[in-house]
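Chemist: Compact mmCIF, C-alpha atoms, file final-v1.txt:
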# COMPACT_ATOMS: atom_id res chain seq x y z
CA MET A 175 30.53 286.98 89.22
CA VAL A 176 31.98 290.04 87.51
CA ARG A 177 35.46 289.46 86.07
CA LYS A 178 37.77 292.48 85.76
CA PHE A 179 40.78 292.45 83.45
CA ASP A 180 42.89 294.62 81.16
CA ALA A 181 42.12 295.08 77.48
CA ALA A 182 43.23 297.41 74.68
CA VAL A 183 40.21 299.57 73.83
CA LEU A 184 39.89 301.55 70.59
CA ARG A 185 37.39 304.37 71.09
CA SER A 186 37.68 306.33 67.84
CA PRO A 187 39.07 305.75 64.35
CA GLU A 188 41.78 308.35 64.80
CA GLY A 189 42.64 307.54 68.41
CA GLN A 190 45.23 305.26 69.91
CA PHE A 191 44.56 302.03 71.72
CA ALA A 192 44.22 302.55 75.47
CA VAL A 193 44.83 299.69 77.89
CA GLU A 194 41.90 299.89 80.29
CA GLU A 195 40.20 297.79 82.90
CA VAL A 196 37.08 296.19 81.43
CA LEU A 197 34.30 294.12 82.95
CA LEU A 198 32.76 290.82 81.97
CA HIS A 199 29.44 290.55 83.77
CA ALA A 200 28.71 286.84 83.22
CA GLY A 201 30.45 283.59 82.46
CA PRO A 202 30.19 281.42 79.35
CA ALA A 203 26.81 280.53 77.89
CA ALA A 204 26.09 276.95 76.87
CA ASP A 205 28.09 277.14 73.62
CA GLU A 206 30.98 279.29 74.89
CA VAL A 207 34.33 279.06 76.62
CA LEU A 208 36.33 281.66 78.53
CA VAL A 209 39.97 281.76 77.47
CA ARG A 210 42.91 283.37 79.26
CA ILE A 211 44.83 284.90 76.35
CA ALA A 212 48.53 284.03 76.13
CA GLY A 213 49.16 286.00 72.93
CA CYS A 214 47.25 287.67 70.12
CA GLY A 215 48.55 288.49 66.66
CA MET A 216 47.88 291.86 65.09
CA CYS A 217 46.33 291.61 61.63
CA ARG A 218 45.75 294.42 59.15
CA THR A 219 42.05 293.61 59.37
CA ASP A 220 42.17 294.89 62.97
CA LEU A 221 43.68 298.15 61.76
CA ALA A 222 41.17 298.47 58.91
CA VAL A 223 38.56 299.38 61.53
CA ARG A 224 40.05 302.87 61.40
CA ARG A 225 38.78 303.13 57.81
CA SER A 226 35.36 301.53 58.39
CA ALA A 227 34.29 302.72 61.81
CA ASP A 228 30.90 303.64 60.36
CA ARG A 229 30.24 299.91 59.95
CA SER A 230 32.44 298.48 62.73
CA PRO A 231 31.07 299.80 66.03
CA LEU A 232 33.34 301.60 68.45
CA PRO A 233 34.40 301.59 71.23
CA ALA A 234 35.64 298.04 70.83
CA VAL A 235 38.25 295.57 71.91
CA LEU A 236 39.77 294.26 68.69
CA GLY A 237 42.12 291.32 68.17
CA HIS A 238 41.22 288.14 66.32
CA GLU A 239 44.36 286.00 66.31
CA GLY A 240 44.19 284.90 69.93
CA ALA A 241 45.49 281.77 71.64
CA GLY A 242 45.45 280.75 75.26
CA THR A 243 44.09 278.45 77.96
CA VAL A 244 40.47 277.59 78.66
CA VAL A 245 39.56 278.67 82.20
CA GLU A 246 35.80 278.06 82.12
CA THR A 247 33.33 276.34 79.81
CA GLY A 248 29.60 276.39 79.26
CA GLY A 249 29.49 272.65 79.79
CA PRO A 250 30.87 269.32 78.53
CA HIS A 251 29.04 269.59 75.21
CA THR A 252 31.48 272.35 74.17
CA GLY A 253 34.03 269.58 73.65
CA LEU A 254 36.58 271.53 75.69
CA THR A 255 37.68 271.39 79.32
CA THR A 256 39.41 273.71 81.73
CA GLY A 257 43.13 273.73 81.06
CA ASP A 258 42.89 273.01 77.34
CA HIS A 259 45.21 275.06 75.14
CA VAL A 260 43.36 276.53 72.17
CA VAL A 261 43.94 278.62 69.06
CA LEU A 262 41.03 280.95 68.24
CA SER A 263 39.82 281.51 64.70
CA PHE A 264 36.94 283.29 62.95
CA ASP A 265 33.29 282.93 63.94
CA SER A 266 30.60 281.19 61.89
CA CYS A 267 27.02 280.20 62.53
CA GLY A 268 27.41 276.47 61.99
CA HIS A 269 24.01 275.89 60.41
CA CYS A 270 23.79 277.79 57.09
CA PRO A 271 24.37 275.85 53.85
CA ASN A 272 28.01 276.87 53.56
CA CYS A 273 28.80 276.00 57.17
CA ARG A 274 27.12 272.63 56.73
CA GLY A 275 29.11 272.20 53.53
CA ALA A 276 32.48 272.62 55.31
CA ALA A 277 32.95 276.18 54.04
CA PRO A 278 32.62 278.27 57.25
CA ALA A 279 34.61 281.17 55.79
CA TYR A 280 31.61 281.77 53.50
CA CYS A 281 29.06 281.59 56.30
CA ASP A 282 25.89 283.51 55.47
CA SER A 283 26.43 285.53 58.66
CA PHE A 284 30.21 286.00 58.32
CA ALA A 285 30.20 289.79 58.04
CA GLU A 286 27.70 290.25 60.85
CA LEU A 287 29.46 287.84 63.21
CA ASN A 288 33.03 288.92 62.54
CA LEU A 289 33.14 292.48 61.25
CA PHE A 290 30.06 294.48 62.10
CA GLY A 291 29.26 293.90 65.73
CA GLY A 292 29.46 290.20 66.49
CA ARG A 293 26.82 288.02 68.10
CA LYS A 294 23.97 290.02 69.59
CA GLU A 295 23.10 287.52 72.36
CA ASN A 296 24.14 288.87 75.75
CA ALA A 297 26.07 291.71 74.11
CA THR A 298 25.87 293.93 77.21
CA ARG A 299 27.91 291.48 79.28
CA PHE A 300 31.12 293.23 78.17
CA THR A 301 31.54 296.85 79.34
CA ASP A 302 34.07 299.41 80.43
CA THR A 303 34.22 300.51 84.07
CA ALA A 304 31.68 303.27 83.37
CA GLY A 305 29.16 300.65 82.27
CA LYS A 306 29.33 301.52 78.55
CA SER A 307 28.97 298.46 76.33
CA LEU A 308 31.93 297.46 74.21
CA ALA A 309 31.31 296.00 70.77
CA PRO A 310 30.59 292.33 71.34
CA ARG A 311 33.35 289.98 70.29
CA TRP A 312 35.31 291.14 67.26
CA PHE A 313 35.69 288.03 65.07
CA GLY A 314 34.12 286.09 67.92
CA GLN A 315 37.07 286.99 70.16
CA SER A 316 38.08 290.56 71.05
CA SER A 317 41.39 289.07 72.14
CA PHE A 318 43.58 292.17 72.62
CA ALA A 319 42.85 291.43 76.25
CA GLU A 320 43.73 289.20 79.16
CA TYR A 321 40.56 287.14 78.63
CA ALA A 322 38.24 286.42 75.72
CA LEU A 323 34.76 284.92 75.79
CA VAL A 324 34.35 282.93 72.58
CA PRO A 325 32.02 280.44 70.93
CA ALA A 326 33.48 276.96 71.40
CA ARG A 327 33.14 276.63 67.62
CA ASN A 328 35.97 279.19 67.29
CA ALA A 329 38.44 277.30 69.46
CA VAL A 330 40.83 274.61 68.18
CA ARG A 331 42.51 272.48 70.82
CA VAL A 332 46.30 272.13 70.49
CA ALA A 333 48.97 270.25 72.42
CA PRO A 334 50.05 271.89 75.70
CA SER A 335 53.71 271.37 74.77
CA LEU A 336 53.46 273.99 72.02
CA PRO A 337 54.43 277.68 72.50
CA ILE A 338 50.83 278.81 72.90
CA GLU A 339 51.69 282.52 73.04
CA LEU A 340 52.91 282.35 69.41
CA LEU A 341 50.14 280.27 67.86
CA GLY A 342 47.37 282.87 67.51
CA PRO A 343 48.26 284.00 63.95
CA LEU A 344 47.55 280.44 62.80
CA GLY A 345 43.89 281.35 63.34
CA CYS A 346 43.76 284.02 60.63
CA GLY A 347 46.76 285.57 58.85
CA PHE A 348 48.95 282.51 58.44
CA LEU A 349 45.87 280.31 57.95
CA THR A 350 44.72 282.59 55.12
CA GLY A 351 47.99 282.54 53.16
CA ALA A 352 48.75 278.88 53.66
CA GLY A 353 45.14 277.86 53.10
CA ALA A 354 45.02 279.67 49.77
CA VAL A 355 47.87 277.47 48.54
CA LEU A 356 46.87 274.21 50.22
CA ASN A 357 43.07 274.44 49.95
CA SER A 358 42.03 276.96 47.30
CA PHE A 359 44.76 276.07 44.81
CA GLY A 360 45.68 272.58 45.95
CA ALA A 361 49.18 273.29 44.65
CA GLY A 362 51.51 270.35 44.36
CA PRO A 363 55.06 269.39 43.40
CA HIS A 364 56.50 271.18 40.36
CA GLU A 365 53.45 273.40 39.92
CA THR A 366 54.10 277.13 39.97
CA VAL A 367 52.81 279.75 42.40
CA VAL A 368 53.51 283.49 42.22
CA VAL A 369 52.73 285.57 45.31
CA PHE A 370 52.23 289.33 45.05
CA GLY A 371 52.99 290.93 48.42
CA ALA A 372 55.38 289.29 50.89
CA GLY A 373 53.72 290.33 54.14
CA ALA A 374 52.44 287.92 56.75
CA VAL A 375 49.81 286.36 54.47
CA GLY A 376 52.11 286.24 51.45
CA LEU A 377 55.04 284.73 53.33
CA ALA A 378 52.76 282.08 54.82
CA ALA A 379 51.64 281.26 51.28
CA ILE A 380 55.26 281.01 50.17
CA MET A 381 56.13 278.69 53.06
CA ALA A 382 53.15 276.47 52.25
CA ALA A 383 53.98 276.40 48.54
CA THR A 384 57.57 275.46 49.27
CA ALA A 385 56.35 272.74 51.64
CA THR A 386 54.30 271.20 48.81
CA GLY A 387 57.26 271.22 46.41
CA ALA A 388 55.84 273.96 44.20
CA VAL A 389 58.04 276.41 42.33
CA THR A 390 57.41 279.83 43.87
CA VAL A 391 58.00 283.46 42.85
CA ALA A 392 57.58 286.43 45.23
CA VAL A 393 56.89 290.01 44.15
CA ASP A 394 57.25 292.88 46.61
CA ARG A 395 58.44 296.47 46.84
CA TYR A 396 60.54 296.02 49.99
CA PRO A 397 64.01 294.47 49.51
CA GLU A 398 63.99 293.08 53.07
CA ARG A 399 60.73 291.24 52.41
CA LEU A 400 62.19 289.74 49.24
CA VAL A 401 65.15 288.52 51.27
CA LEU A 402 62.70 286.73 53.57
CA ALA A 403 60.77 285.31 50.64
CA GLU A 404 63.98 283.91 49.15
CA ARG A 405 64.88 282.38 52.52
CA TYR A 406 61.60 280.49 52.45
CA GLY A 407 62.08 279.15 48.93
CA ALA A 408 60.77 281.80 46.53
CA MET A 409 62.51 283.43 43.61
CA PRO A 410 62.43 287.16 44.47
CA LEU A 411 61.29 289.83 42.04
CA PRO A 412 61.08 293.57 42.81
CA VAL A 413 57.77 295.12 41.87
CA THR A 414 59.73 297.56 39.67
CA THR A 415 61.00 294.75 37.43
CA PRO A 416 60.52 295.86 33.79
CA ASP A 417 57.75 293.94 32.01
CA LEU A 418 57.01 292.10 35.24
CA SER A 419 54.50 289.56 33.91
CA ALA A 420 56.77 288.55 31.03
CA ARG A 421 59.62 288.05 33.48
CA ILE A 422 57.42 285.80 35.62
CA ARG A 423 56.39 283.76 32.59
CA ARG A 424 60.05 283.18 31.75
CA LEU A 425 60.86 282.15 35.33
CA THR A 426 57.92 279.72 35.40
CA ASP A 427 58.44 278.15 31.98
CA GLY A 428 55.47 279.73 30.25
CA GLY A 429 53.47 281.08 33.15
CA ALA A 430 52.37 280.27 36.68
CA GLN A 431 49.52 277.86 37.33
CA TYR A 432 48.50 279.90 40.38
CA ALA A 433 48.89 283.52 41.46
CA LEU A 434 47.95 285.02 44.80
CA ASP A 435 47.48 288.76 45.25
CA THR A 436 47.61 290.23 48.75
CA THR A 437 48.03 293.87 47.67
CA ALA A 438 44.67 294.90 46.13
CA VAL A 439 46.63 297.09 43.69
CA PRO A 440 44.82 296.99 40.31
CA SER A 441 47.98 297.24 38.19
CA LEU A 442 49.55 294.33 40.06
CA ILE A 443 46.37 292.27 39.77
CA ASN A 444 46.58 292.70 36.00
CA ASP A 445 50.25 291.73 36.09
CA ALA A 446 49.25 288.65 38.09
CA LEU A 447 46.65 287.67 35.47
CA ARG A 448 49.10 288.11 32.62
CA SER A 449 51.68 286.02 34.48
CA LEU A 450 49.39 282.97 34.42
CA ARG A 451 49.55 280.13 31.95
CA PRO A 452 46.31 279.16 30.15
CA THR A 453 43.69 277.88 32.65
CA GLY A 454 45.66 279.52 35.48
CA HIS A 455 43.92 280.69 38.66
CA LEU A 456 44.39 284.05 40.39
CA GLY A 457 43.20 284.32 43.98
CA LEU A 458 42.58 287.69 45.62
CA ILE A 459 43.04 287.99 49.38
CA ALA A 460 42.80 291.71 50.14
CA ARG A 461 39.53 293.60 49.92
CA LEU A 462 39.39 295.85 46.85
CA ARG A 463 38.83 299.53 47.62
CA THR A 464 38.51 300.80 44.07
CA THR A 465 37.04 299.60 40.80
CA LEU A 466 39.17 296.83 39.28
CA PRO A 467 39.74 297.49 35.56
CA ILE A 468 40.79 294.31 33.77
CA GLU A 469 43.16 295.19 30.95
CA PRO A 470 42.55 293.72 27.48
CA GLY A 471 44.07 290.27 27.14
CA ALA A 472 44.66 289.79 30.87
CA LEU A 473 41.64 287.56 31.50
CA ASP A 474 41.48 285.14 28.62
CA ARG A 475 42.61 281.64 27.56
CA GLY A 476 40.78 279.98 30.42
CA ARG A 477 42.34 282.09 33.15
CA ARG A 478 40.08 282.72 36.11
CA ILE A 479 39.97 284.98 39.14
CA SER A 480 38.33 284.43 42.53
CA HIS A 481 38.24 285.94 45.98
CA ILE A 482 39.61 283.75 48.78
CA CYS A 483 38.39 284.24 52.34
CA GLU A 484 40.26 282.76 55.31
CA GLY A 485 42.14 280.38 53.03
CA ASP A 486 38.98 278.34 52.38
CA ALA A 487 39.83 276.77 55.72
CA VAL A 488 38.03 274.63 58.22
CA PRO A 489 40.20 275.82 61.13
CA SER A 490 39.96 272.58 63.10
CA LEU A 491 41.53 270.79 60.11
CA LEU A 492 44.03 273.32 58.77
CA ILE A 493 45.51 274.58 62.06
CA PRO A 494 46.69 271.08 63.10
CA ARG A 495 48.11 270.58 59.60
CA LEU A 496 50.13 273.80 59.83
CA ILE A 497 51.38 272.86 63.29
CA ALA A 498 52.52 269.49 61.92
CA LEU A 499 54.40 271.26 59.11
CA TRP A 500 55.98 273.61 61.68
CA ARG A 501 57.09 270.69 63.82
CA ALA A 502 58.67 269.14 60.73
CA GLY A 503 60.60 272.38 60.07
CA ARG A 504 58.62 273.12 56.90
CA PHE A 505 56.45 276.04 58.03
CA PRO A 506 58.63 278.27 60.27
CA PHE A 507 55.96 280.90 60.96
CA ASP A 508 57.46 281.71 64.35
CA GLU A 509 60.42 283.37 62.61
CA LEU A 510 58.06 286.11 61.35
CA ILE A 511 56.83 287.06 64.84
CA ARG A 512 57.93 289.81 67.20
CA THR A 513 56.22 289.98 70.59
CA TYR A 514 55.09 293.12 72.44
CA PRO A 515 53.53 293.60 75.87
CA LEU A 516 49.88 294.61 75.65
CA ALA A 517 50.93 298.00 77.06
CA ASP A 518 52.99 298.53 73.88
CA ILE A 519 50.16 297.79 71.45
CA ASN A 520 50.44 301.21 69.78
CA GLU A 521 54.10 300.55 69.05
CA ALA A 522 53.10 297.19 67.61
CA GLU A 523 50.59 298.94 65.34
CA ARG A 524 53.19 301.46 64.15
CA ASP A 525 55.69 298.72 63.40
CA CYS A 526 53.04 296.74 61.53
CA GLU A 527 51.93 299.72 59.45
CA THR A 528 55.49 300.73 58.52
CA GLY A 529 56.56 297.18 57.71
CA ARG A 530 59.23 297.03 60.42
CA VAL A 531 57.79 293.74 61.61
CA VAL A 532 55.93 291.06 59.67
CA LYS A 533 53.66 289.79 62.45
CA PRO A 534 53.35 291.56 65.82
CA VAL A 535 51.97 289.46 68.66
CA VAL A 536 50.84 291.19 71.85
CA ILE A 537 51.32 289.35 75.13
CA PRO A 538 48.74 290.50 77.71
CA ARG A 539 50.62 289.40 80.82
CA GLU A 540 54.10 290.51 79.76
CA ARG A 541 55.36 293.69 81.39
CA SER A 542 56.12 296.75 79.33
CA ARG A 543 59.76 297.36 78.50
Starting from the file, lay out its structure as C-alpha cells.
Modeler:
Amino acid sequence: MVRKFDAAVLRSPEGQFAVEEVLLHAGPAADEVLVRIAGCGMCRTDLAVRRSADRSPLPAVLGHEGAGTVVETGGPHTGLTTGDHVVLSFDSCGHCPNCRGAAPAYCDSFAELNLFGGRKENATRFTDTAGKSLAPRWFGQSSFAEYALVPARNAVRVAPSLPIELLGPLGCGFLTGAGAVLNSFGAGPHETVVVFGAGAVGLAAIMAATATGAVTVAVDRYPERLVLAERYGAMPLPVTTPDLSARIRRLTDGGAQYALDTTAVPSLINDALRSLRPTGHLGLIARLRTTLPIEPGALDRGRRISHICEGDAVPSLLIPRLIALWRAGRFPFDELIRTYPLADINEAERDCETGRVVKPVVIPRERSR
C-alpha cells in the first residue's frame, strides 16, 4: 500500500524547504518501524547540507531529531509494538567492532548511514509525486515529515505520559552536549567544566555539568545566551573578555579539568586548551572547516584534545537518563525549545541561523499560524 504524507523537501543547497506530498511505496522491512512524527528538532547538522550538497544527495527530506508513535513494525523481533512512543536517534550498523563495543557513534559506516545517503536497501521506496527518488533516510530518519521509516535500532521507547512532541532533540543535539559531560568526560562534583558556545549543544552540556555538581563556566558572544547559561548554573564570560584563558584559570582555581568547544573557531580552541589545568581534556564537538593551528604552549603538561561524536552515547541508555534528570527538574531542556508548524520550517531555519531561538522543533500536524 502506498502511503502519502507531507514532508519538507530540500531540492537545492540555495533553495528553501518546500512542504510537499511524498510517497512511501512499501511498509517496514524486518528490522524497521514506521513512526508517525509528533515533533522534530532542527539541528545545525541539517542546515550544513547547504554547504556539503556535493556529498549529501539532494533532493532530500532532512530532519534527524524526530519523536513520535509507532504505527507499524516489521515484526515482533523489532522489540517495538504499534502505539509505542519513541525518540529517534542516529543510525549505526550494529555489527562492526565499535558497535559491538557499545560505541555506535563511531560505527564504521556512520558517515555512509547518516550523512551521505543512508541505507541503500530499498532506497527507491521513498519518492516525490513525480516518482523521483528522495535521498533515503537522513540519519536513518528523514523526520521533517509526518511519517518516518526507521531502523528499529534507531528508536528508543519512552513513557507515553511524556510530551513526545518535545523529546526529539534528546536524540542528537541535547544528547551530544550532555553526553560529552556525562560520558566522554565523566565529570563529577567539584570538578570544573568550561563550555565554549552556549547554543543548544553547549547549554545541554551546562545543564548536565550542573546536574553532576561540577563547577561550570560558559563562554559566548551573545549576551542573551550568557544569561541562559547563568540560569542553568554556569559562570558567564563574554568571548571578548581580555586574556580569556587566564580569566578562566582564575575562576576555576588553576584551570578547568574539562573544556568543551562547540564553535570550531581556532582561536577559541587555543583559549580552551590554555584554560585547562595539567592533564585536562578538551573535547571538540563541531566539525573543523579549516586547519587548526595549535599555538605554542597550548597543548602541553599532559593536556589532551579529542573529537566527540554524539556524546559518546548509546542512545537507549543516555536518553532515559536525560529524561530522568528532566523529571527531577535537573535538565530543563524543554525551556530551550520553540515549536513551529511544519509549514513554517523556513522561519524555523532563519530563527536558528540568527540565534533567535536555541532549539526549533517543527510539529508536522500543527497548523500554520
Chemist: Just checking: using all atoms listed in the file, which residue out of A:Ala276, A:Leu492, A:Leu308, A:Ala354 ends up closest to Ala182 in chain A?
Modeler: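 Of A:Ala276, A:Leu492, A:Leu308, A:Ala354, the one nearest Ala182 in chain A is A:Leu308, counting all atoms listed in the file.
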Chemist: Just checking: using all atoms listed in the file, which residue out of A:Thr247, A:Leu254, A:Ala319, A:Pro538 ends up closest to Leu184 in chain A?
Modeler: A:Ala319
Chemist: Hey, which of A:Gln431, A:Ser490, A:Thr528, A:Thr465 ends up closest to Phe359 in chain A? Count all atoms listed in the file.
Modeler: A:Gln431
Chemist: With all atoms listed in the file as the counted atoms, please give the residues lying no more than 8 Å from His364 in chain A, apart from itself and same-chain residues fewer than 5 positions off, as a VMD selection string.
Modeler: chain A and resid 387 to 389
Chemist: Can you tell me how far CA of Val391 in chain A sits from CA of Gly428 in chain A, in Å to one decimal?
Modeler: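 The value is 13.4 Å.
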Chemist: Residues within 10 Å of Pro271 in chain A, please, as a ChimeraX atom specification. Count only C-alpha atoms; anything in the same chain fewer than 3 positions from it doesn't count.
Modeler: /A:268,274-278,280-282
Chemist: Just want the 10 Å neighbourhood of Gly314 in chain A, counted on all atoms listed in the file, with same-chain residues fewer than 6 positions away dropped. Output as a list of chain:residue names.
Modeler: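 Skipping anything fewer than 6 positions along the chain leaves A:Leu236, A:Gly237, A:His238, A:Leu262, A:Ser263, A:Phe264, A:Asp265, A:Ser266, A:Leu287, A:Asn288, A:Leu289, A:Gly291, A:Gly292, A:Arg293, A:Ala322, A:Leu323, A:Val324, A:Pro325, A:Ala326, A:Arg327, A:Asn328, A:Ala329.
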Chemist: A:Pro187, A:Gly373, A:Pro467, A:Gly476: which is nearest Asp445 in chain A, counting all atoms listed in the file?
Modeler: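 Closest residue, counting all atoms listed in the file: A:Pro467.
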